[in-house]
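Chemist: I have a structure I would like to understand better, so I am pasting it below and will then ask my questions one at a time.
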Amino acid sequence: KTYYKSCRHTVEKAVQAVDDEVNMDEQQLKSKYPDWDITGFSPPIVEFSRSVDSYCPNHYIIGVNDGFIVIYVYNEDGKKVVQEKTDISAKILTPEDQQALSGGIVVDTEEQKEQTLEGFSN
């Protein structure tokens with residue numbers, strides 16, 4: 001389980017152990033995954049959790065890069081990556097819109113993303 005502090009969402013993911021992990025004890029697993037907390041150890045099931053100071057992958061962040069509007073997403077480690085570069089120049093936007101984009105506009109759905117982009121391209 002990963003808890004994302006910025007959006008307060010928890011994302012759960014089931015992962016099959018690789019061969020060298022199958023017979024590890026709790027201490028060995030803690031050593032192998034130092035960024036995770038073991039919250040349940042009942043072989044064959046081990047539950048890990050962590051908190052990430054970021055948004056989960058279920059959000060879009062609309063911002064500006066090199067003078068153009070860019071869509072970012074966060075990967076499951078909380079790192080921001082470019083999903084799409086648009087051809088919408090930030091220079092044509094109002095000062096208020098430029099300010100909002102400089103901090104990044106967070107939207108939750110593909111539809112909200114498209115609506116926001118349409119508003120900037122009109």
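Each chain in the structure tokens gets a letter, A, B, ..., in the order shown, and its residues are numbered from 1; ligands are numbered from 1 in order too.
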Considering only strand (DSSP E) as DSSP defines it on the backbone, what residues of stretch 58-92 of chain A qualify? List them as a PyMOL selection string.

Modeler: chain A and resi 60-65+68-74+80-89

Chemist: Report as a list of chain:residue names all protein, DNA and RNA residues lying within 12 Å of A:Gly40, evaluated on only C-alpha atoms, omitting residues in the same chain fewer than 2 positions from it.

Modeler: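 Listing them by chain and then by number gives A:Lys1, A:Glu26, A:Leu29, A:Lys30, A:Trp36, A:Asp37, A:Ile38, A:Ser42, A:Pro43, A:Pro44, A:Ile45, A:Val46, A:Glu47, A:Phe48, A:Ser49.
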
Chemist: Take the residues just selected and output them with N, CA, C and O atoms as a PDB file, in the first residue's frame.

Modeler:
```
ATOM      1  N   LYS A   1       0.847  -1.174   0.000  1.00  0.00           N
ATOM      2  CA  LYS A   1       0.000   0.000   0.000  1.00  0.00           C
ATOM      3  C   LYS A   1       0.892   1.236   0.000  1.00  0.00           C
ATOM      4  O   LYS A   1       1.871   1.298   0.728  1.00  0.00           O
ATOM      5  N   GLU A  26      11.470 -11.734   7.950  1.00  0.00           N
ATOM      6  CA  GLU A  26      11.042 -10.336   8.015  1.00  0.00           C
ATOM      7  C   GLU A  26      12.226  -9.373   7.983  1.00  0.00           C
ATOM      8  O   GLU A  26      12.194  -8.348   7.298  1.00  0.00           O
ATOM      9  N   LEU A  29      13.674  -9.031   4.480  1.00  0.00           N
ATOM     10  CA  LEU A  29      12.808  -8.212   3.625  1.00  0.00           C
ATOM     11  C   LEU A  29      12.935  -6.735   3.978  1.00  0.00           C
ATOM     12  O   LEU A  29      12.960  -5.879   3.092  1.00  0.00           O
ATOM     13  N   LYS A  30      13.039  -6.421   5.262  1.00  0.00           N
ATOM     14  CA  LYS A  30      13.236  -5.029   5.680  1.00  0.00           C
ATOM     15  C   LYS A  30      14.533  -4.474   5.104  1.00  0.00           C
ATOM     16  O   LYS A  30      14.595  -3.319   4.689  1.00  0.00           O
ATOM     17  N   TRP A  36      10.200   0.895   2.682  1.00  0.00           N
ATOM     18  CA  TRP A  36       8.876   0.364   2.978  1.00  0.00           C
ATOM     19  C   TRP A  36       8.815  -0.115   4.424  1.00  0.00           C
ATOM     20  O   TRP A  36       9.797  -0.565   4.986  1.00  0.00           O
ATOM     21  N   ASP A  37       7.611  -0.029   5.018  1.00  0.00           N
ATOM     22  CA  ASP A  37       7.355  -0.606   6.335  1.00  0.00           C
ATOM     23  C   ASP A  37       6.624  -1.923   6.133  1.00  0.00           C
ATOM     24  O   ASP A  37       5.723  -2.012   5.283  1.00  0.00           O
ATOM     25  N   ILE A  38       6.989  -2.928   6.898  1.00  0.00           N
ATOM     26  CA  ILE A  38       6.262  -4.193   6.852  1.00  0.00           C
ATOM     27  C   ILE A  38       5.130  -4.088   7.869  1.00  0.00           C
ATOM     28  O   ILE A  38       5.367  -3.974   9.066  1.00  0.00           O
ATOM     29  N   SER A  42       2.791 -12.608   7.477  1.00  0.00           N
ATOM     30  CA  SER A  42       2.150 -13.885   7.715  1.00  0.00           C
ATOM     31  C   SER A  42       2.343 -14.736   6.466  1.00  0.00           C
ATOM     32  O   SER A  42       1.442 -14.843   5.636  1.00  0.00           O
ATOM     33  N   PRO A  43       3.586 -15.283   6.305  1.00  0.00           N
ATOM     34  CA  PRO A  43       3.884 -16.017   5.067  1.00  0.00           C
ATOM     35  C   PRO A  43       2.771 -17.001   4.725  1.00  0.00           C
ATOM     36  O   PRO A  43       2.213 -17.626   5.625  1.00  0.00           O
ATOM     37  N   PRO A  44       2.403 -17.046   3.468  1.00  0.00           N
ATOM     38  CA  PRO A  44       3.107 -16.523   2.302  1.00  0.00           C
ATOM     39  C   PRO A  44       2.760 -15.071   1.943  1.00  0.00           C
ATOM     40  O   PRO A  44       3.206 -14.567   0.920  1.00  0.00           O
ATOM     41  N   ILE A  45       1.981 -14.396   2.780  1.00  0.00           N
ATOM     42  CA  ILE A  45       1.587 -13.023   2.458  1.00  0.00           C
ATOM     43  C   ILE A  45       2.350 -12.046   3.356  1.00  0.00           C
ATOM     44  O   ILE A  45       2.382 -12.199   4.581  1.00  0.00           O
ATOM     45  N   VAL A  46       2.964 -11.068   2.703  1.00  0.00           N
ATOM     46  CA  VAL A  46       3.656 -10.004   3.421  1.00  0.00           C
ATOM     47  C   VAL A  46       3.062  -8.691   2.922  1.00  0.00           C
ATOM     48  O   VAL A  46       2.928  -8.485   1.722  1.00  0.00           O
ATOM     49  N   GLU A  47       2.702  -7.821   3.853  1.00  0.00           N
ATOM     50  CA  GLU A  47       2.125  -6.537   3.470  1.00  0.00           C
ATOM     51  C   GLU A  47       3.108  -5.420   3.781  1.00  0.00           C
ATOM     52  O   GLU A  47       3.616  -5.320   4.896  1.00  0.00           O
ATOM     53  N   PHE A  48       3.375  -4.616   2.758  1.00  0.00           N
ATOM     54  CA  PHE A  48       4.263  -3.467   2.880  1.00  0.00           C
ATOM     55  C   PHE A  48       3.434  -2.197   2.773  1.00  0.00           C
ATOM     56  O   PHE A  48       2.421  -2.163   2.088  1.00  0.00           O
ATOM     57  N   SER A  49       3.894  -1.131   3.410  1.00  0.00           N
ATOM     58  CA  SER A  49       3.251   0.166   3.235  1.00  0.00           C
ATOM     59  C   SER A  49       4.310   1.259   3.273  1.00  0.00           C
ATOM     60  O   SER A  49       5.412   1.065   3.789  1.00  0.00           O
TER      61      SER A  49
END
```

Chemist: Mind giving me the straight-line distance from atom CA of A:Lys79 to atom CA of A:Ser51 in Å, one decimal?

Modeler: 13.3 Å

Chemist: Just the residues within 9 Å of A:Ser89, please, counting only C-alpha atoms, with nothing from its chain fewer than 2 positions along; format it as a PyMOL selection string.

Modeler: chain A and resi 64+67-69+86-87+91-93+121

Chemist: Produce a file of the selected residues containing N, CA and C atoms, as a tab-separated table (two decimals), in the first residue's frame.

Modeler:
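Once everything was written out, this is part01.tsv:
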```tsv
chain	number	residue	atom	x	y	z
A	64	VAL	N	3.48	24.49	-17.07
A	64	VAL	CA	4.18	25.11	-18.19
A	64	VAL	C	5.63	24.63	-18.19
A	67	GLY	N	7.69	27.43	-22.07
A	67	GLY	CA	6.74	28.37	-22.64
A	67	GLY	C	5.46	27.75	-23.17
A	68	PHE	N	5.29	26.44	-23.03
A	68	PHE	CA	4.09	25.77	-23.52
A	68	PHE	C	3.43	24.98	-22.40
A	69	ILE	N	2.11	24.79	-22.54
A	69	ILE	CA	1.37	24.01	-21.55
A	69	ILE	C	1.76	22.54	-21.68
A	86	THR	N	1.83	20.13	-25.12
A	86	THR	CA	0.85	20.71	-26.05
A	86	THR	C	1.52	21.78	-26.90
A	87	ASP	N	0.78	22.26	-27.88
A	87	ASP	CA	1.27	23.37	-28.70
A	87	ASP	C	0.64	24.69	-28.27
A	91	LYS	N	2.23	32.27	-23.46
A	91	LYS	CA	2.27	33.72	-23.70
A	91	LYS	C	0.90	34.30	-24.02
A	92	ILE	N	0.01	33.50	-24.59
A	92	ILE	CA	-1.31	34.00	-25.00
A	92	ILE	C	-2.31	34.01	-23.83
A	93	LEU	N	-1.92	33.48	-22.69
A	93	LEU	CA	-2.83	33.36	-21.56
A	93	LEU	C	-2.87	34.63	-20.73
A	121	SER	N	-7.09	27.05	-24.70
A	121	SER	CA	-6.85	27.18	-26.14
A	121	SER	C	-7.87	28.07	-26.82
```

Chemist: Neighbouring residues of stretch 113-117 of chain A were defined as those with any atom within 12 Å, considering only C-alpha atoms; residues of the same chain fewer than 2 positions away were excluded. Please report them as number ranges by chain.

Modeler: A: 58-63, 68-73, 83-90, 93, 97, 100-101, 104-111, 119-122

Chemist: Looking only at the backbone, which of the residues in chain A does DSSP tag as alpha helix (DSSP H), as a VMD selection string?

Modeler: chain A and resid 26 to 32 95 to 103 110 to 121

Chemist: For atom CA of A:Lys13 and atom CA of A:Ser31, determine how far apart the two atoms are, in Å to one decimal place.

Modeler: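 Going from atom CA of A:Lys13 over to atom CA of A:Ser31 covers 20.5 Å.
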
Chemist: Excluding A:Tyr4 and residues on its chain fewer than 6 positions from it, collect all residues at most 7 Å away from it, counting only C-alpha atoms, and give them as JSON, numbers by chain.

Modeler: {"A": [10, 51, 52, 53, 54, 55, 56]}

Chemist: Store the residues of this selection in a file with all heavy atoms, as a short mmCIF file (atom, residue, chain, number, x, y, z; two decimals), in the first residue's frame.

Modeler:
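Saved the output as selection14.cif:
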```cif
data_model
loop_
_atom_site.label_atom_id
_atom_site.label_comp_id
_atom_site.auth_asym_id
_atom_site.auth_seq_id
_atom_site.Cartn_x
_atom_site.Cartn_y
_atom_site.Cartn_z
N THR A 10 -4.81 6.24 -1.09
CA THR A 10 -4.01 5.04 -0.87
C THR A 10 -4.20 4.13 -2.07
O THR A 10 -5.33 3.85 -2.47
CB THR A 10 -4.45 4.31 0.42
OG1 THR A 10 -4.24 5.18 1.53
CG2 THR A 10 -3.64 3.04 0.62
N SER A 51 4.55 5.95 2.81
CA SER A 51 3.93 7.25 2.54
C SER A 51 4.84 8.00 1.57
O SER A 51 6.06 8.00 1.74
CB SER A 51 3.78 8.06 3.82
OG SER A 51 2.81 7.49 4.64
N VAL A 52 4.23 8.61 0.59
CA VAL A 52 4.96 9.37 -0.42
C VAL A 52 4.43 10.80 -0.39
O VAL A 52 3.22 11.02 -0.43
CB VAL A 52 4.79 8.75 -1.82
CG1 VAL A 52 5.48 9.58 -2.88
CG2 VAL A 52 5.31 7.32 -1.84
N ASP A 53 5.32 11.76 -0.32
CA ASP A 53 4.94 13.17 -0.26
C ASP A 53 4.72 13.70 -1.67
O ASP A 53 5.50 14.50 -2.19
CB ASP A 53 6.02 13.97 0.47
CG ASP A 53 5.55 15.36 0.86
OD1 ASP A 53 4.34 15.59 0.90
OD2 ASP A 53 6.43 16.20 1.13
N SER A 54 3.63 13.23 -2.30
CA SER A 54 3.36 13.56 -3.69
C SER A 54 1.91 13.18 -4.00
O SER A 54 1.16 12.78 -3.12
CB SER A 54 4.32 12.77 -4.58
OG SER A 54 4.13 13.09 -5.92
N TYR A 55 1.54 13.31 -5.28
CA TYR A 55 0.24 12.86 -5.75
C TYR A 55 0.34 11.43 -6.24
O TYR A 55 1.41 10.98 -6.66
CB TYR A 55 -0.25 13.74 -6.91
CG TYR A 55 -0.71 15.11 -6.48
CD1 TYR A 55 0.16 16.19 -6.50
CD2 TYR A 55 -2.00 15.32 -6.05
CE1 TYR A 55 -0.25 17.45 -6.10
CE2 TYR A 55 -2.43 16.57 -5.64
CZ TYR A 55 -1.55 17.62 -5.67
OH TYR A 55 -1.96 18.87 -5.27
N CYS A 56 -0.79 10.73 -6.24
CA CYS A 56 -0.82 9.37 -6.79
C CYS A 56 -0.90 9.44 -8.32
O CYS A 56 -1.16 10.51 -8.88
CB CYS A 56 -1.99 8.59 -6.20
SG CYS A 56 -3.62 9.05 -6.81
#
```

Chemist: For a test of reading the model, state the distance in Å between atom CA of A:Lys32 and atom CA of A:Arg8, rounded to one decimal.

Modeler: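 Computing the Euclidean distance for atom CA of A:Lys32 and atom CA of A:Arg8 yields 26.7 Å.
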